[in-house]
>>> print(open('input.txt').read())   # compact mmCIF, C-alpha atoms
# COMPACT_ATOMS: atom_id res chain seq x y z
CA MET A 826 6.35 -18.32 23.02
CA SER A 827 8.95 -21.07 22.67
CA TYR A 828 10.10 -22.35 19.29
CA GLN A 829 12.68 -24.80 20.64
CA SER A 830 10.79 -27.87 19.44
CA GLU A 831 10.02 -26.37 16.04
CA GLN A 832 12.09 -25.54 12.97
CA ALA A 833 15.11 -23.63 14.28
CA PHE A 834 16.20 -22.01 11.01
CA VAL A 835 14.63 -19.20 8.95
CA LYS A 836 15.90 -18.07 5.55
CA ILE A 837 15.05 -14.53 4.50
CA PHE A 838 15.59 -12.89 1.12
CA SER A 839 15.88 -9.11 1.37
CA THR A 840 16.77 -6.04 -0.62
CA GLY A 841 19.98 -4.29 0.46
CA LEU A 842 19.37 -1.49 2.97
CA PRO A 843 16.27 -3.08 4.59
CA ALA A 844 18.53 -5.99 5.54
CA ILE A 845 20.45 -3.75 7.98
CA PRO A 846 17.74 -3.30 10.65
CA LEU A 847 16.45 -6.77 9.78
CA HIS A 848 19.79 -8.22 10.91
CA GLY A 849 19.54 -6.32 14.20
CA ALA A 850 15.99 -7.44 14.92
CA SER A 851 16.69 -11.05 13.95
CA ARG A 852 19.65 -11.22 16.35
CA ILE A 853 17.38 -10.27 19.26
CA PHE A 854 14.81 -12.88 18.23
CA GLU A 855 17.56 -15.44 17.71
CA GLU A 856 19.00 -14.95 21.20
CA ARG A 857 15.59 -15.06 22.81
CA HIS A 858 14.14 -18.08 21.02
CA GLY A 859 17.11 -20.09 19.77
CA VAL A 860 16.08 -19.59 16.14
CA ARG A 861 18.86 -19.18 13.58
CA PHE A 862 18.48 -16.78 10.66
CA LYS A 863 20.09 -16.68 7.25
CA ILE A 864 19.52 -13.34 5.49
CA VAL A 865 20.39 -13.20 1.81
CA ALA A 866 20.54 -9.53 0.78
CA GLY A 867 20.87 -7.84 -2.58
CA GLU A 868 18.96 -6.71 -5.64
CA PRO A 869 15.87 -8.90 -6.21
CA SER A 870 17.30 -10.09 -9.52
CA THR A 871 20.07 -11.86 -7.59
CA TRP A 872 17.73 -13.91 -5.37
CA LEU A 873 14.34 -14.10 -7.07
CA PRO A 874 15.36 -17.16 -9.12
CA ARG A 875 15.97 -19.00 -5.83
CA VAL A 876 12.58 -17.92 -4.50
CA ARG A 877 10.92 -19.11 -7.71
CA ALA A 878 12.67 -22.45 -7.24
CA GLY A 879 10.99 -22.86 -3.85
CA GLU A 880 13.67 -21.62 -1.48
CA GLY A 881 13.16 -19.42 1.59
CA ASP A 882 10.69 -18.59 4.33
CA LEU A 883 10.31 -14.80 4.30
CA VAL A 884 10.92 -11.95 1.86
CA CYS A 885 11.60 -8.31 2.73
CA VAL A 886 11.57 -5.43 0.23
CA GLY A 887 11.69 -1.64 0.38
CA ALA A 888 8.51 -0.69 -1.52
CA GLU A 889 5.02 -2.08 -1.84
CA TYR A 890 5.17 -2.21 -5.65
CA MET A 891 8.10 -4.61 -5.36
CA MET A 892 6.03 -6.93 -3.19
CA ASP A 893 3.13 -6.52 -5.63
CA ASP A 894 5.36 -7.99 -8.33
CA ILE A 895 6.36 -10.91 -6.12
CA GLU A 896 2.73 -11.51 -5.21
CA ALA A 897 1.78 -11.44 -8.90
CA GLU A 898 4.10 -14.42 -9.38
CA ASP A 899 2.14 -16.26 -6.66
CA LEU A 900 5.23 -16.64 -4.47
CA ILE A 901 3.89 -15.27 -1.16
CA LEU A 902 0.97 -15.70 1.20
CA LYS A 903 -0.85 -12.45 0.46
CA GLU A 904 -2.54 -12.25 3.86
CA THR A 905 0.84 -12.15 5.63
CA ARG A 906 2.07 -8.93 3.98
CA ALA A 907 3.04 -6.44 6.70
CA THR A 908 4.81 -3.08 6.94
CA VAL A 909 7.70 -2.86 9.42
CA GLY A 910 8.75 0.75 8.82
CA TYR A 911 9.02 3.61 6.35
CA ARG A 912 11.84 5.53 4.72
CA ARG A 913 11.60 9.24 3.96
CA SER A 914 12.84 11.17 0.95
CA MET A 915 15.61 13.72 1.47
CA ILE A 916 18.16 15.70 -0.52
CA MET A 917 21.69 14.33 -0.25
CA VAL A 918 24.60 16.79 -0.52
CA ARG A 919 28.37 16.66 -0.13
CA LYS A 920 29.96 17.04 3.31
CA GLY A 921 29.94 20.68 4.30
CA ASN A 922 27.25 21.38 1.66
CA PRO A 923 29.63 23.40 -0.56
CA ARG A 924 26.88 24.34 -3.03
CA GLY A 925 24.67 25.75 -0.28
CA ILE A 926 21.68 23.61 -1.20
CA ARG A 927 18.82 24.04 1.28
CA THR A 928 15.61 23.36 -0.63
CA LEU A 929 14.15 21.52 -3.60
CA GLN A 930 13.79 24.92 -5.24
CA ASP A 931 17.59 25.26 -5.02
CA LEU A 932 17.94 22.05 -7.04
CA ALA A 933 15.59 23.51 -9.63
CA GLU A 934 17.24 26.95 -9.84
CA LYS A 935 20.95 26.47 -9.11
CA ASP A 936 23.49 25.19 -11.63
CA VAL A 937 23.76 21.77 -10.00
CA ARG A 938 24.08 18.18 -11.17
CA ILE A 939 21.85 15.55 -9.59
CA LEU A 940 22.07 11.80 -9.03
CA VAL A 941 18.90 9.72 -8.61
CA CYS A 942 18.06 6.03 -8.49
CA ARG A 943 15.99 4.49 -11.26
CA GLY A 944 15.59 1.02 -9.78
CA ALA A 945 14.57 -1.11 -6.82
CA CYS A 946 12.81 0.70 -3.95
CA GLN A 947 13.73 4.18 -5.24
CA ARG A 948 12.20 3.80 -8.69
CA GLY A 949 10.39 7.03 -9.48
CA LEU A 950 11.24 8.63 -6.13
CA TRP A 951 12.63 11.80 -7.70
CA ASP A 952 9.46 12.08 -9.79
CA ASP A 953 7.22 11.71 -6.73
CA VAL A 954 9.14 14.43 -4.87
CA SER A 955 9.52 16.83 -7.80
CA SER A 956 5.93 16.46 -8.94
CA LYS A 957 4.64 17.42 -5.51
CA ALA A 958 6.41 20.75 -5.96
CA MET A 959 5.54 20.96 -9.69
CA LEU A 960 9.25 21.19 -10.44
CA THR A 961 9.52 18.05 -12.55
CA ASP A 962 10.86 19.69 -15.72
CA GLN A 963 13.43 21.72 -13.81
CA ILE A 964 14.68 18.78 -11.73
CA ARG A 965 14.75 16.40 -14.68
CA GLY A 966 17.02 18.78 -16.55
CA LYS A 967 19.59 18.61 -13.74
CA ILE A 968 19.78 14.79 -13.52
CA VAL A 969 23.09 13.56 -14.95
CA GLU A 970 23.36 10.02 -13.56
CA TYR A 971 21.15 7.14 -12.41
CA GLY A 972 21.84 4.40 -9.89
CA ILE A 973 20.06 1.07 -10.11
CA GLY A 974 19.76 0.42 -6.37
CA CYS A 975 20.82 1.88 -3.04
CA LEU A 976 24.34 0.43 -3.03
CA ASP A 977 24.94 1.25 -6.68
CA THR A 978 23.69 4.80 -6.09
CA LEU A 979 26.12 5.22 -3.20
CA ARG A 980 29.01 3.87 -5.31
CA ARG A 981 28.19 6.37 -8.02
CA TRP A 982 27.99 9.17 -5.42
CA ARG A 983 31.40 8.29 -4.00
CA ARG A 984 33.02 8.17 -7.47
CA SER A 985 31.54 11.48 -8.58
CA GLU A 986 33.03 13.95 -6.08
CA GLY A 987 33.33 17.29 -7.85
CA ARG A 988 31.03 16.19 -10.67
CA ILE A 989 27.67 15.51 -8.97
CA ASP A 990 26.38 17.93 -6.36
CA ALA A 991 23.21 16.39 -4.92
CA GLY A 992 20.90 13.41 -4.91
CA ILE A 993 17.27 12.69 -4.14
CA VAL A 994 17.41 9.56 -1.99
CA TRP A 995 16.21 7.99 1.27
CA ASN A 996 16.96 9.59 4.63
CA VAL A 997 18.71 6.43 5.82
CA TYR A 998 21.71 7.15 3.57
CA GLY A 999 22.73 9.66 6.22
CA ARG A 1000 22.50 7.06 8.98
CA VAL A 1001 24.20 4.23 7.13
CA TRP A 1002 26.90 6.27 5.32
CA PRO A 1003 27.35 9.51 7.35
CA ILE A 1004 30.97 10.00 6.28
CA HIS A 1005 29.96 10.28 2.64
CA CYS A 1006 27.07 12.73 2.73
CA GLU A 1007 24.88 15.22 4.54
CA MET A 1008 21.10 15.14 4.38
CA ILE A 1009 18.72 18.05 3.81
CA GLU A 1010 15.17 17.68 5.13
CA LEU A 1011 12.23 18.26 2.83
CA PRO A 1012 9.10 19.97 4.14
CA LYS A 1013 6.38 17.50 5.09
CA ASP A 1014 4.19 18.42 2.13
CA LEU A 1015 6.99 17.42 -0.28
CA GLU A 1016 8.17 14.37 1.63
CA VAL A 1017 7.59 10.90 0.20
CA LEU A 1018 7.43 7.81 2.41
CA ARG A 1019 7.59 4.22 1.22
CA SER A 1020 6.92 1.06 3.15
CA THR A 1021 9.59 -1.49 4.02
CA ASN A 1022 7.53 -4.65 4.12
CA VAL A 1023 7.68 -8.41 4.59
CA ALA A 1024 5.64 -11.43 3.57
CA ILE A 1025 5.80 -15.17 4.15
CA LEU A 1026 6.86 -17.18 1.12
CA LYS A 1027 4.73 -20.11 -0.01
CA SER A 1028 7.85 -22.25 0.36
CA CYS A 1029 7.94 -21.51 4.11
CA ILE A 1030 8.34 -24.67 6.19
CA ASN A 1031 7.01 -23.33 9.49
CA GLU A 1032 4.42 -20.61 9.04
CA LYS A 1033 3.71 -20.33 12.78
CA LEU A 1034 7.35 -19.53 13.55
CA VAL A 1035 7.70 -16.94 10.79
CA LYS A 1036 4.41 -15.28 11.75
CA GLY A 1037 5.83 -14.98 15.27
CA PHE A 1038 8.88 -13.24 13.84
CA ILE A 1039 6.72 -10.82 11.85
CA ASP A 1040 4.83 -10.00 15.05
CA PHE A 1041 8.19 -9.27 16.68
CA LEU A 1042 9.23 -7.01 13.77
CA ARG A 1043 6.14 -4.91 14.52
CA SER A 1044 6.80 -4.76 18.28
CA ASP A 1045 8.10 -1.73 20.19
CA GLU A 1046 11.44 -3.45 20.73
CA SER A 1047 12.00 -4.02 17.02
CA ARG A 1048 10.76 -0.52 16.17
CA GLN A 1049 13.66 0.85 18.20
CA VAL A 1050 16.09 -1.05 15.98
CA TYR A 1051 14.51 0.34 12.81
CA GLU A 1052 14.37 3.88 14.17
CA ARG A 1053 18.06 3.68 15.11
CA TRP A 1054 18.84 3.25 11.40
CA GLY A 1055 16.53 6.07 10.34
CA TRP A 1056 13.33 4.21 9.57
CA VAL A 1057 10.06 5.82 10.61
CA THR A 1058 7.67 3.46 12.37
CA ASP A 1059 3.91 3.64 12.75
CA LYS A 1060 4.03 5.23 16.19
CA SER A 1061 6.41 7.98 15.08
CA VAL A 1062 4.71 8.91 11.80
CA LYS A 1063 3.33 12.44 12.00
CA PRO A 1064 0.74 13.92 9.64
CA PRO A 1065 1.77 16.81 7.36
CA GLY A 1066 2.36 19.84 9.54
CA GLY A 1067 2.52 17.67 12.66
>>> encode(input="input.txt", output="structure tokens")
Amino acid sequence: MSYQSEQAFVKIFSTGLPAIPLHGASRIFEERHGVRFKIVAGEPSTWLPRVRAGEGDLVCVGAEYMMDDIEAEDLILKETRATVGYRRSMIMVRKGNPRGIRTLQDLAEKDVRILVCRGACQRGLWDDVSSKAMLTDQIRGKIVEYGIGCLDTLRRWRRSEGRIDAGIVWNVYGRVWPIHCEMIELPKDLEVLRSTNVAILKSCINEKLVKGFIDFLRSDESRQVYERWGWVTDKSVKPPGG
């Protein structure tokens, strides 16, 4: 499909880490169709006022409850909501894993200090993981610091060498920031996945064009971009025990 005669500019508002594969996918679409993209990335509080003022074509967030909130403000076309990939929960440890952390049970039993994120797409993630193992009290007692988003959580992790031993975060931390951490897999029955998802804003100028981009984000070619950064896509999701 050619978009040469249509609007040649798309503005996207996105949360932080989901903007990374989004940039990669948009560059492919841009080269193929001559459509320019402007991606504004950061915590929703930094760009939601602009969306409320009627700016932008597409929004991308890292959890469905975040899009629920945006939908509740009547800012998106509900029928255009679509998942483009998933992130998985993992345990983050220091390089070399000096505390020998291998399992969630280790976090509950060892004398360790834990960092979690209380905001954005990771809100409640530690609770979801710990509650699956019925270790909520034990894990809660080890939490000593909270980030408010992915980037803030990483900053706190980097500043706390020797003070914080582990974190419960997304798997993509290990892909995006491999020099700062190692990642410990959780068993499938304790793993939590959350949807990275998009929706067309009601302020969108060219709905046909942006729908075409969403279709591309769900294509095999775009899936490869997301998987390169650690996202799980529909075709690679395996059931528990699979």
>>> closest_residue(input="input.txt", among="A:Arg912, A:Arg988, A:Arg1043, A:Arg983", to="Leu1018 in chain A", atoms="all atoms listed in the file")
A:Arg912
>>> closest_residue(input="input.txt", among="A:Lys920, A:Arg913, A:Arg852, A:Lys1036", to="Leu883 in chain A", atoms="only C-alpha atoms")
A:Lys1036
>>> atom_distance(input="input.txt", atom1="CA of Asp931 in chain A", atom2="CA of Cys946 in chain A")
25.0 Å
>>> closest_atom_pairs(input="input.txt", of="range 976-1005 of chain A", to="range 833-842 of chain A", cutoff="12 Å", atoms="all atoms listed in the file", output="CSV")
residue,atom,partner,partner_atom,distance
A:Leu976,CA,A:Gly841,CA,7.3
A:Asp977,CA,A:Gly841,CA,10.3
A:Thr978,CA,A:Gly841,CA,11.8
A:Leu979,CA,A:Leu842,CA,11.3
A:Trp995,CA,A:Leu842,CA,10.1
A:Asn996,CA,A:Leu842,CA,11.5
A:Val997,CA,A:Leu842,CA,8.4
A:Tyr998,CA,A:Leu842,CA,9.0
A:Arg1000,CA,A:Leu842,CA,10.9
A:Val1001,CA,A:Leu842,CA,8.6
A:Trp1002,CA,A:Leu842,CA,11.1
>>> closest_residue(input="input.txt", among="A:Leu900, A:Val1057, A:Met892, A:Ile968", to="Ile989 in chain A", atoms="only C-alpha atoms")
A:Ile968
>>> build_atoms(input="input.txt", residues="range 925-942 of chain A", atoms="N, CA and C atoms", output="tab-separated table (two decimals), in the frame of the given file")
chain	number	residue	atom	x	y	z
A	925	GLY	N	25.67	25.00	-1.02
A	925	GLY	CA	24.67	25.75	-0.28
A	925	GLY	C	23.24	25.37	-0.62
A	926	ILE	N	23.01	24.09	-0.84
A	926	ILE	CA	21.68	23.61	-1.20
A	926	ILE	C	20.83	23.45	0.06
A	927	ARG	N	19.69	24.09	0.10
A	927	ARG	CA	18.82	24.04	1.28
A	927	ARG	C	17.42	23.53	0.97
A	928	THR	N	16.99	23.68	-0.28
A	928	THR	CA	15.61	23.36	-0.63
A	928	THR	C	15.54	22.65	-1.98
A	929	LEU	N	14.37	22.10	-2.28
A	929	LEU	CA	14.15	21.52	-3.60
A	929	LEU	C	14.19	22.61	-4.67
A	930	GLN	N	13.75	23.80	-4.31
A	930	GLN	CA	13.79	24.92	-5.24
A	930	GLN	C	15.24	25.23	-5.63
A	931	ASP	N	16.18	25.07	-4.69
A	931	ASP	CA	17.59	25.26	-5.02
A	931	ASP	C	18.04	24.29	-6.10
A	932	LEU	N	17.58	23.03	-6.01
A	932	LEU	CA	17.94	22.05	-7.04
A	932	LEU	C	17.40	22.48	-8.40
A	933	ALA	N	16.22	23.09	-8.38
A	933	ALA	CA	15.59	23.51	-9.63
A	933	ALA	C	16.26	24.75	-10.22
A	934	GLU	N	16.75	25.64	-9.37
A	934	GLU	CA	17.24	26.95	-9.84
A	934	GLU	C	18.76	27.04	-9.96
A	935	LYS	N	19.50	26.37	-9.08
A	935	LYS	CA	20.95	26.47	-9.11
A	935	LYS	C	21.55	25.65	-10.25
A	936	ASP	N	22.76	25.97	-10.63
A	936	ASP	CA	23.49	25.19	-11.63
A	936	ASP	C	24.12	23.99	-10.93
A	937	VAL	N	23.30	22.96	-10.72
A	937	VAL	CA	23.76	21.77	-10.00
A	937	VAL	C	23.51	20.53	-10.85
A	938	ARG	N	24.23	19.46	-10.50
A	938	ARG	CA	24.08	18.18	-11.17
A	938	ARG	C	23.59	17.16	-10.14
A	939	ILE	N	22.59	16.39	-10.54
A	939	ILE	CA	21.85	15.55	-9.59
A	939	ILE	C	22.00	14.08	-9.96
A	940	LEU	N	22.10	13.26	-8.93
A	940	LEU	CA	22.07	11.80	-9.03
A	940	LEU	C	20.76	11.30	-8.44
A	941	VAL	N	20.09	10.38	-9.15
A	941	VAL	CA	18.90	9.72	-8.61
A	941	VAL	C	19.02	8.22	-8.86
A	942	CYS	N	18.09	7.49	-8.31
A	942	CYS	CA	18.06	6.03	-8.49
A	942	CYS	C	16.85	5.66	-9.34
